[in-house]
Amino acid sequence: MKFAKKLSKHLSITENVIFVFAFGLIMYQLISGYGLHVYNSIKGKGYLATIIDPILTHHYHLSAAAVIIILNSTLFLWEILSFIVQLSKQEGSNTSGYDKCKIIFKNFSVSYKAPFLAFLVIEFLPKLFFINMFWIWLPHIQKIGLFTIDLTWYGWIYGYLCYELASWVWHFTSHQVRFLWCLHSPHHASSEINLTSNWLHFFAEGYYPALIRLVILTLLGVPPLMFIAMMSIDSAWGIFIHVSERALKNGQLGILQHIIITPSHHRVHHAKNPLYLDRNFANVLPIWDWIFGTLQPFKKEVKIDYGIRRELDVTNFSDLYFGELYLLYRDVKNAAEIKNKLLYILMPPGWAPGSDAKTSSAIRRDFLETNPELGVTSKNRFLAAISSGSKRYSSK
């Protein structure tokens, strides 16, 4: 036991040293790069060029993506720098010197240690990146396509609905299949959501979304060019909806909350409250969440509690990154029958032989039995209105 504690302590120190290095390196690159792009914009280059040049060549999706990326960069730096200032002010009156720095570092680590270390893992661990997997798999998967749609305006609408469907499928299954959840769970493990949450992914997680999207979009006739264009906007918006409450307090974006997925919707997705479990899988359009019944707006009565359901020290990167895989390995190893070993891998997180009481769907169902009014959504109201109208019509 003493050896285990000593090993854990040394591992924590190592993680902290790497975190300090990663923070300094990444922040230097971000601030210097951001400043250079802003300076070059005065000369008509930099950020300004990334917006205007695509418009001149009629690549409007690239211009839209550039606007969102610039917004993300600005909010990203504001999140981190304002948080450091906030922590300094909070601790300034109570402590000083080394103790003050130690407390600031500890609080800062809770929010940012895991994302920065995950960024290093993804950057330096040899792997095939998403775009490489796309081009490697594309010629093989295209053989199963029966037709291809044209690049007309209505073709783009159809294509984007297909893209959102493919994204919903991979995201939903990543929460419902335990092995896939083990790869996806680091992204949900943090005790808060901020723009660095986009770095917090298991290094091999990208393979599954790439494959699922390619298969579904090819079967539905969406050409590669359309896929790439939609991915650029989807990815940029997907980063933005992780913006923290420090940088964007409300996050509902006014009337837009009724049309698209907003930061408020995605904060619900990252919550571990029973009401919010496994909701809001879409990135931009909520149509498939609405159709499949997974759309859940934020309720003022239920303050968001971020993270995953098991107890976790978010500053312990090893547990945050590999913990779910270890727990799955333990369950599979201890399962008596081969059938149960396989089911542990394929069934939802929380499933056990003979019981689903700890799964997200069961926990949410039990919660809504005692709080039914909190589960009412626009879809419930819409279907109730149709039902009421049909009854009145039939009575006539």
# chains A, B, ... in the order shown; residues from 1 in each chain; ligands from 1
$ residues_around --residues "Leu277 of chain A" --least-positions-apart "6" --cutoff "7 Å" --atoms "only C-alpha atoms" --output "compact mmCIF listing (two decimals) with C-alpha atoms, in the first residue's frame"
# COMPACT_ATOMS: atom_id res chain seq x y z
CA ALA A 271 -24.01 17.36 -17.34
CA SER A 360 -28.36 6.53 -17.74
CA ARG A 364 -33.32 9.46 -15.92
$ residues_around --residues "His188 of chain A" --least-positions-apart "2" --cutoff "10 Å" --atoms "only C-alpha atoms" --output "list in words"
Trp181, His184, Ser185, Pro186, Ser190, Ser191, Glu192, Ile193, Ser197, Leu200, His201, His269, His270, Ala271, Lys272, Tyr306, Gly307, Ile308, Arg309 and Leu320 of chain A
$ select_by_dssp --residues "segment 321-380 of chain A" --states "alpha helix (DSSP H)" --output "ChimeraX atom specification"
/A:321-334,338-346,360-370,378-380
$ write_last_selection --atoms "C-alpha atoms" --output "mmCIF file, in the first residue's frame"
data_model
loop_
_atom_site.group_PDB
_atom_site.id
_atom_site.type_symbol
_atom_site.label_atom_id
_atom_site.label_comp_id
_atom_site.auth_asym_id
_atom_site.auth_seq_id
_atom_site.Cartn_x
_atom_site.Cartn_y
_atom_site.Cartn_z
ATOM 1 C CA TYR A 321 -7.956 9.182 -19.409
ATOM 2 C CA PHE A 322 -7.726 5.414 -18.853
ATOM 3 C CA GLY A 323 -10.018 4.793 -15.858
ATOM 4 C CA GLU A 324 -13.107 3.686 -17.805
ATOM 5 C CA LEU A 325 -11.059 1.251 -19.897
ATOM 6 C CA TYR A 326 -9.630 -0.267 -16.723
ATOM 7 C CA LEU A 327 -13.084 -0.634 -15.149
ATOM 8 C CA LEU A 328 -14.380 -2.314 -18.320
ATOM 9 C CA TYR A 329 -11.399 -4.674 -18.302
ATOM 10 C CA ARG A 330 -12.108 -5.539 -14.662
ATOM 11 C CA ASP A 331 -15.787 -6.264 -15.329
ATOM 12 C CA VAL A 332 -15.028 -8.399 -18.389
ATOM 13 C CA LYS A 333 -12.354 -10.310 -16.498
ATOM 14 C CA ASN A 334 -14.645 -11.038 -13.537
ATOM 15 C CA ILE A 338 -18.585 -15.426 -22.261
ATOM 16 C CA LYS A 339 -22.015 -13.983 -23.071
ATOM 17 C CA ASN A 340 -21.779 -11.548 -20.163
ATOM 18 C CA LYS A 341 -18.194 -10.647 -21.065
ATOM 19 C CA LEU A 342 -19.399 -9.639 -24.506
ATOM 20 C CA LEU A 343 -22.449 -7.816 -23.141
ATOM 21 C CA TYR A 344 -20.282 -5.763 -20.785
ATOM 22 C CA ILE A 345 -18.496 -4.455 -23.890
ATOM 23 C CA LEU A 346 -21.613 -3.791 -25.982
ATOM 24 C CA SER A 360 -28.363 6.526 -17.744
ATOM 25 C CA SER A 361 -31.772 5.710 -19.231
ATOM 26 C CA ALA A 362 -32.928 4.012 -16.016
ATOM 27 C CA ILE A 363 -31.609 6.810 -13.787
ATOM 28 C CA ARG A 364 -33.321 9.457 -15.923
ATOM 29 C CA ARG A 365 -36.561 7.444 -16.080
ATOM 30 C CA ASP A 366 -36.675 7.112 -12.294
ATOM 31 C CA PHE A 367 -36.016 10.835 -11.891
ATOM 32 C CA LEU A 368 -38.827 11.812 -14.281
ATOM 33 C CA GLU A 369 -41.297 9.548 -12.485
ATOM 34 C CA THR A 370 -41.075 11.891 -9.506
ATOM 35 C CA SER A 378 -41.224 21.174 -27.382
ATOM 36 C CA LYS A 379 -41.819 17.738 -28.908
ATOM 37 C CA ASN A 380 -44.136 16.754 -26.041
#
$ atom_distance --atom1 "atom CA of Ile18 of chain A" --atom2 "atom CA of Ile80 of chain A"
18.2 Å
$ closest_residue --among "A:Val376, A:His37, A:Tyr208, A:Leu25" --to "Ala49 of chain A" --atoms "only C-alpha atoms"
A:His37
$ closest_residue --among "A:Tyr39, A:Tyr47, A:Trp199, A:Trp288" --to "Lys113 of chain A" --atoms "only C-alpha atoms"
A:Trp199
$ residues_around --residues "Val222 of chain A" --least-positions-apart "5" --cutoff "12 Å" --atoms "only C-alpha atoms" --output "NGL selection string"
:A and (142 or 145-152 or 155-164 or 166 or 213-217 or 227-230)
$ closest_residue --among "A:Leu180, A:Ile13, A:Ala335, A:Leu312" --to "Pro348 of chain A" --atoms "only C-alpha atoms"
A:Leu180
$ closest_atom_pairs --of "segment 99-185 of chain A" --to "segment 26-33 of chain A" --cutoff "10 Å" --atoms "only C-alpha atoms" --output "CSV"
residue,atom,partner,partner_atom,distance
A:Phe116,CA,A:Ile26,CA,8.3
A:Phe119,CA,A:Ile26,CA,9.3
A:Leu120,CA,A:Ile26,CA,9.4
$ atom_distance --atom1 "atom CA of Phe203 of chain A" --atom2 "atom CA of Ser235 of chain A"
17.2 Å
$ decode --residues "segment 181-228 of chain A" --atoms "C-alpha atoms" --output "PDB file, in the first residue's frame"
ATOM      1  CA  TRP A 181     -18.010   5.223 -24.040  1.00  0.00           C
ATOM      2  CA  CYS A 182     -14.596   4.302 -22.633  1.00  0.00           C
ATOM      3  CA  LEU A 183     -13.038   6.154 -25.573  1.00  0.00           C
ATOM      4  CA  HIS A 184     -15.464   9.071 -25.369  1.00  0.00           C
ATOM      5  CA  SER A 185     -15.677   9.492 -21.583  1.00  0.00           C
ATOM      6  CA  PRO A 186     -12.490  11.604 -21.149  1.00  0.00           C
ATOM      7  CA  HIS A 187     -14.262  14.354 -23.084  1.00  0.00           C
ATOM      8  CA  HIS A 188     -17.021  14.359 -20.443  1.00  0.00           C
ATOM      9  CA  ALA A 189     -14.881  13.837 -17.353  1.00  0.00           C
ATOM     10  CA  SER A 190     -13.975  17.454 -16.586  1.00  0.00           C
ATOM     11  CA  SER A 191     -15.827  19.190 -13.759  1.00  0.00           C
ATOM     12  CA  GLU A 192     -16.456  22.200 -16.007  1.00  0.00           C
ATOM     13  CA  ILE A 193     -16.849  22.867 -19.711  1.00  0.00           C
ATOM     14  CA  ASN A 194     -14.610  25.306 -21.586  1.00  0.00           C
ATOM     15  CA  LEU A 195     -13.002  25.630 -25.006  1.00  0.00           C
ATOM     16  CA  THR A 196     -10.080  23.396 -24.004  1.00  0.00           C
ATOM     17  CA  SER A 197     -12.620  20.577 -23.569  1.00  0.00           C
ATOM     18  CA  ASN A 198     -12.212  20.131 -27.327  1.00  0.00           C
ATOM     19  CA  TRP A 199      -8.716  18.792 -26.647  1.00  0.00           C
ATOM     20  CA  LEU A 200      -9.928  16.324 -24.076  1.00  0.00           C
ATOM     21  CA  HIS A 201     -10.380  13.263 -26.286  1.00  0.00           C
ATOM     22  CA  PHE A 202      -8.926   9.775 -26.186  1.00  0.00           C
ATOM     23  CA  PHE A 203      -6.272   9.599 -28.907  1.00  0.00           C
ATOM     24  CA  ALA A 204      -7.998   6.737 -30.798  1.00  0.00           C
ATOM     25  CA  GLU A 205     -11.551   8.052 -30.533  1.00  0.00           C
ATOM     26  CA  GLY A 206     -11.582   9.663 -33.990  1.00  0.00           C
ATOM     27  CA  TYR A 207     -11.530   6.365 -35.912  1.00  0.00           C
ATOM     28  CA  TYR A 208     -15.125   5.426 -35.111  1.00  0.00           C
ATOM     29  CA  PRO A 209     -16.772   8.772 -36.054  1.00  0.00           C
ATOM     30  CA  ALA A 210     -14.794   8.841 -39.322  1.00  0.00           C
ATOM     31  CA  LEU A 211     -15.976   5.354 -40.270  1.00  0.00           C
ATOM     32  CA  ILE A 212     -19.608   5.868 -39.250  1.00  0.00           C
ATOM     33  CA  ARG A 213     -19.903   9.194 -41.052  1.00  0.00           C
ATOM     34  CA  LEU A 214     -18.318   7.848 -44.224  1.00  0.00           C
ATOM     35  CA  VAL A 215     -20.515   4.747 -44.349  1.00  0.00           C
ATOM     36  CA  ILE A 216     -23.787   6.588 -43.673  1.00  0.00           C
ATOM     37  CA  LEU A 217     -23.059   9.539 -45.966  1.00  0.00           C
ATOM     38  CA  THR A 218     -21.891   7.281 -48.802  1.00  0.00           C
ATOM     39  CA  LEU A 219     -25.007   5.129 -48.524  1.00  0.00           C
ATOM     40  CA  LEU A 220     -27.131   8.291 -48.597  1.00  0.00           C
ATOM     41  CA  GLY A 221     -25.340   9.629 -51.682  1.00  0.00           C
ATOM     42  CA  VAL A 222     -23.420  12.562 -50.162  1.00  0.00           C
ATOM     43  CA  PRO A 223     -20.234  13.289 -52.203  1.00  0.00           C
ATOM     44  CA  PRO A 224     -16.819  13.789 -50.500  1.00  0.00           C
ATOM     45  CA  LEU A 225     -16.621  17.497 -51.445  1.00  0.00           C
ATOM     46  CA  MET A 226     -19.900  18.184 -49.673  1.00  0.00           C
ATOM     47  CA  PHE A 227     -18.734  16.120 -46.690  1.00  0.00           C
ATOM     48  CA  ILE A 228     -15.542  18.187 -46.304  1.00  0.00           C
TER      49      ILE A 228
END
